[in-house]
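What follows is my_file-v5.cif (mmCIF, C-alpha atoms).
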data_protein
loop_
_atom_site.label_atom_id
_atom_site.label_comp_id
_atom_site.auth_asym_id
_atom_site.auth_seq_id
_atom_site.Cartn_x
_atom_site.Cartn_y
_atom_site.Cartn_z
CA MET A 28 74.25 76.96 82.01
CA GLU A 29 74.41 73.17 81.68
CA GLN A 30 78.11 72.99 82.56
CA ASP A 31 77.39 74.72 85.89
CA ARG A 32 74.69 72.17 86.78
CA VAL A 33 77.00 69.30 85.90
CA LEU A 34 79.73 70.82 88.07
CA GLN A 35 77.34 71.29 91.01
CA ARG A 36 76.04 67.72 90.73
CA LYS A 37 79.51 66.18 90.40
CA SER A 38 80.93 68.22 93.29
CA LEU A 39 78.05 67.17 95.57
CA THR A 40 78.54 63.52 94.61
CA TYR A 41 82.26 63.88 95.25
CA ALA A 42 81.65 65.46 98.67
CA LYS A 43 79.49 62.47 99.60
CA ARG A 44 82.25 60.11 98.47
CA ILE A 45 84.75 62.06 100.59
CA ILE A 46 82.47 61.67 103.63
CA GLY A 47 82.31 57.92 102.99
CA LEU A 48 86.09 57.77 102.62
CA TYR A 49 86.47 59.70 105.88
CA GLN A 50 84.23 57.20 107.67
CA ASN A 51 86.17 54.24 106.26
CA LEU A 52 89.53 55.76 107.15
CA GLN A 53 88.37 56.30 110.73
CA LYS A 54 87.99 52.52 111.02
CA ARG A 55 91.58 52.07 109.79
CA ASP A 56 93.07 54.20 112.55
CA CYS A 57 94.14 56.89 110.12
CA PRO A 58 95.60 59.91 111.95
CA TYR A 59 92.88 62.44 112.77
CA VAL A 60 94.80 65.35 111.26
CA LEU A 61 94.77 63.62 107.85
CA LEU A 62 91.09 62.75 108.18
CA LYS A 63 90.23 66.33 109.03
CA GLN A 64 92.21 67.71 106.08
CA ILE A 65 90.73 65.39 103.43
CA LEU A 66 87.20 65.99 104.76
CA ARG A 67 87.65 69.76 104.81
CA SER A 68 89.22 70.18 101.39
CA GLY A 69 87.10 67.51 99.67
CA THR A 70 83.79 68.96 100.82
CA SER A 71 84.92 72.55 100.34
CA ILE A 72 85.05 72.10 96.56
CA GLY A 73 81.27 71.89 96.30
CA ALA A 74 80.69 74.49 98.99
CA ASN A 75 82.64 77.07 97.00
CA ILE A 76 80.85 76.12 93.79
CA ALA A 77 77.53 76.58 95.61
CA GLU A 78 78.66 79.99 96.88
CA ALA A 79 79.63 81.02 93.35
CA ARG A 80 76.02 80.62 92.22
CA PHE A 81 75.08 83.73 94.18
CA ALA A 82 78.23 85.73 93.71
CA SER A 83 77.86 89.49 93.90
CA SER A 84 79.86 90.08 90.73
CA ARG A 85 81.63 88.30 87.89
CA LYS A 86 84.92 88.79 89.75
CA ASP A 87 83.43 87.27 92.92
CA PHE A 88 82.05 84.34 90.88
CA LEU A 89 85.45 83.68 89.35
CA ASN A 90 87.16 83.98 92.73
CA LYS A 91 84.87 81.34 94.27
CA LEU A 92 85.57 78.98 91.39
CA TYR A 93 89.32 79.54 91.80
CA ILE A 94 89.00 78.68 95.49
CA ALA A 95 87.13 75.48 94.52
CA LEU A 96 89.93 74.71 92.06
CA LYS A 97 92.57 75.15 94.76
CA GLU A 98 90.59 72.98 97.19
CA CYS A 99 90.36 70.29 94.53
CA SER A 100 94.13 70.40 94.03
CA GLU A 101 94.65 70.22 97.79
CA THR A 102 92.32 67.21 97.98
CA GLN A 103 94.46 65.48 95.37
CA TYR A 104 97.51 66.09 97.55
CA TRP A 105 95.84 64.53 100.61
CA LEU A 106 94.70 61.56 98.55
CA GLN A 107 98.25 61.00 97.33
CA LEU A 108 99.62 61.28 100.86
CA LEU A 109 97.01 58.84 102.20
CA SER A 110 97.81 56.43 99.38
CA GLU A 111 101.57 56.62 99.79
CA SER A 112 101.17 56.24 103.56
CA GLY A 113 99.28 52.98 103.09
CA PHE A 114 95.84 54.17 104.22
CA LEU A 115 94.23 53.89 100.76
CA THR A 116 94.23 50.91 98.45
CA ALA A 117 95.35 51.49 94.86
CA THR A 118 91.73 51.08 93.73
CA GLU A 119 90.41 53.61 96.25
CA TYR A 120 93.12 56.08 95.34
CA SER A 121 92.65 55.82 91.57
CA SER A 122 88.87 56.10 91.83
CA MET A 123 88.92 59.17 94.11
CA GLN A 124 91.74 60.76 92.14
CA ALA A 125 89.93 60.22 88.81
CA ASP A 126 86.84 62.01 90.11
CA ALA A 127 89.00 64.85 91.45
CA ASP A 128 90.73 65.11 88.06
CA GLU A 129 87.35 65.38 86.36
CA LEU A 130 86.25 68.17 88.72
CA LEU A 131 89.56 69.95 88.22
CA LYS A 132 89.22 69.82 84.42
CA LEU A 133 85.68 71.19 84.59
CA LEU A 134 86.74 74.01 86.91
CA VAL A 135 89.70 74.91 84.68
CA ALA A 136 87.50 74.94 81.58
CA ILE A 137 84.85 77.14 83.21
CA THR A 138 87.34 79.60 84.67
CA LYS A 139 89.18 79.89 81.35
CA THR A 140 85.92 80.53 79.53
CA ILE A 141 84.86 83.21 81.99
CA LYS A 142 88.26 84.92 81.91
CA ALA A 143 88.20 84.98 78.12
CA GLN A 144 84.81 86.74 78.01
#

Before we go any further, please render this structure as structure tokens.
Amino acid sequence: MEQDRVLQRKSLTYAKRIIGLYQNLQKRDCPYVLLKQILRSGTSIGANIAEARFASSRKDFLNKLYIALKECSETQYWLQLLSESGFLTATEYSSMQADADELLKLLVAITKTIKAQ
């Protein structure tokens, strides 16, 4: 399914961006607990999508995608907190948030389609 490949590619690209953001924030003396949270949730999106590829059932597949969806939402929270705490510029925030929004929309569309089947 083409939509699945797009989702996998975009989530991997996003995870790499999160790693870059993590490295930049380390240089800005961002609190470690915030760094750890954004790194964990931001890279977990793609990890759960990758796990879904080899799900043992349709229910398991859907569950992994829902976990990815929740991790994406959590990542958006950490981005907002980092922005409002002054660790992210407006440009960094809007760029990272836009990519997270795109992933979220894809995940919602796929999960809705699967549930409707």

For Leu134 of chain A, the nearest of the candidates A:Leu61, A:Leu92, A:Ala82, A:Ile45, counting all atoms listed in the file: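 Closest residue, counting all atoms listed in the file: A:Leu92.
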
I need every residue sitting at most 6 Å from the point (94.8, 59.7, 94.9) (coordinates as in the file, only C-alpha atoms considered), written as a PyMOL selection string. chain A and resi 103+106-107+120-121+123-124

The PyMOL selection byres ((chain A and resi 93) around 10) resolved against shown file, as a PyMOL selection string: chain A and resi 72+75-76+79+87-92+94-99+134-135+137-138

Given the selection you just returned, output its residues as a file containing C-alpha atoms, formatted as a PDB file, keeping the file's coordinate frame.
ATOM      1  CA  ILE A  72      85.050  72.100  96.560  1.00  0.00           C
ATOM      2  CA  ASN A  75      82.640  77.070  97.000  1.00  0.00           C
ATOM      3  CA  ILE A  76      80.850  76.120  93.790  1.00  0.00           C
ATOM      4  CA  ALA A  79      79.630  81.020  93.350  1.00  0.00           C
ATOM      5  CA  ASP A  87      83.430  87.270  92.920  1.00  0.00           C
ATOM      6  CA  PHE A  88      82.050  84.340  90.880  1.00  0.00           C
ATOM      7  CA  LEU A  89      85.450  83.680  89.350  1.00  0.00           C
ATOM      8  CA  ASN A  90      87.160  83.980  92.730  1.00  0.00           C
ATOM      9  CA  LYS A  91      84.870  81.340  94.270  1.00  0.00           C
ATOM     10  CA  LEU A  92      85.570  78.980  91.390  1.00  0.00           C
ATOM     11  CA  ILE A  94      89.000  78.680  95.490  1.00  0.00           C
ATOM     12  CA  ALA A  95      87.130  75.480  94.520  1.00  0.00           C
ATOM     13  CA  LEU A  96      89.930  74.710  92.060  1.00  0.00           C
ATOM     14  CA  LYS A  97      92.570  75.150  94.760  1.00  0.00           C
ATOM     15  CA  GLU A  98      90.590  72.980  97.190  1.00  0.00           C
ATOM     16  CA  CYS A  99      90.360  70.290  94.530  1.00  0.00           C
ATOM     17  CA  LEU A 134      86.740  74.010  86.910  1.00  0.00           C
ATOM     18  CA  VAL A 135      89.700  74.910  84.680  1.00  0.00           C
ATOM     19  CA  ILE A 137      84.850  77.140  83.210  1.00  0.00           C
ATOM     20  CA  THR A 138      87.340  79.600  84.670  1.00  0.00           C
TER      21      THR A 138
END

Which residue, A:Lys86, A:Gln53, A:Leu109, A:Lys43, has the smallest gap to Lys142 of chain A when you use only C-alpha atoms?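 Of the candidates, the smallest distance to Lys142 of chain A is held by A:Lys86.
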
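In this comparison, which uses only C-alpha atoms, the residue of A:Asn51, A:Leu66, A:Ala117, A:Arg80 approaching Asp31 of chain A most closely is A:Arg80.
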
On this structure, which residues satisfy the PyMOL selection byres ((chain A and resi 67) around 10), written as a list in words? Ala42, Ile45, Ile46, Leu61, Leu62, Lys63, Gln64, Ile65, Leu66, Ser68, Gly69, Thr70, Ser71, Ile72, Glu98, Glu101 and Thr102 of chain A

Restricting it to C-alpha atoms, dump the selection as a short mmCIF file (atom, residue, chain, number, x, y, z; two decimals), in the frame of the given file.
data_model
loop_
_atom_site.label_atom_id
_atom_site.label_comp_id
_atom_site.auth_asym_id
_atom_site.auth_seq_id
_atom_site.Cartn_x
_atom_site.Cartn_y
_atom_site.Cartn_z
CA ALA A 42 81.65 65.46 98.67
CA ILE A 45 84.75 62.06 100.59
CA ILE A 46 82.47 61.67 103.63
CA LEU A 61 94.77 63.62 107.85
CA LEU A 62 91.09 62.75 108.18
CA LYS A 63 90.23 66.33 109.03
CA GLN A 64 92.21 67.71 106.08
CA ILE A 65 90.73 65.39 103.43
CA LEU A 66 87.20 65.99 104.76
CA SER A 68 89.22 70.18 101.39
CA GLY A 69 87.10 67.51 99.67
CA THR A 70 83.79 68.96 100.82
CA SER A 71 84.92 72.55 100.34
CA ILE A 72 85.05 72.10 96.56
CA GLU A 98 90.59 72.98 97.19
CA GLU A 101 94.65 70.22 97.79
CA THR A 102 92.32 67.21 97.98
#

Which residue is closest to Lys132 of chain A? Choose from A:Gly47, A:Ser100, A:Arg32, A:Tyr59 and count all atoms listed in the file. A:Ser100

Coordinates-based distance that separates atom CA of Ala74 of chain A from atom CA of Lys37 of chain A (Å, one decimal): 12.0 Å

Length of the atom CA of Leu131 of chain A to atom CA of Cys57 of chain A vector [Å]: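 Between these atoms lies a distance of 25.9 Å.
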
What is the atom CA of Ala136 of chain A-atom CA of Val33 of chain A distance in Å, reported with one decimal?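 These two atoms are separated by 12.7 Å.
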
Once you add 6 Å to each side, what are the centre and edge lengths of the axis-aligned box holding all listed atoms of segment 124-142 of chain A? One decimal in Å, as lines of an AutoDock Vina configuration file, if you can.
center_x = 88.3
center_y = 72.6
center_z = 85.8
size_x = 18.9
size_y = 36.7
size_z = 24.6

Name the closest residue to Ser38 of chain A among the candidates A:Ile141, A:Leu108, A:Ala77, A:Leu115; distances are taken between atoms, counting only C-alpha atoms.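 Closest to Ser38 of chain A, using only C-alpha atoms: A:Ala77.
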
Nearest residue to Leu34 of chain A from the set A:Ser84, A:Leu133, A:Arg55, A:Tyr49 (distances using all atoms listed in the file):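 Going through A:Ser84, A:Leu133, A:Arg55, A:Tyr49 one by one, the smallest distance to Leu34 of chain A is for A:Leu133.
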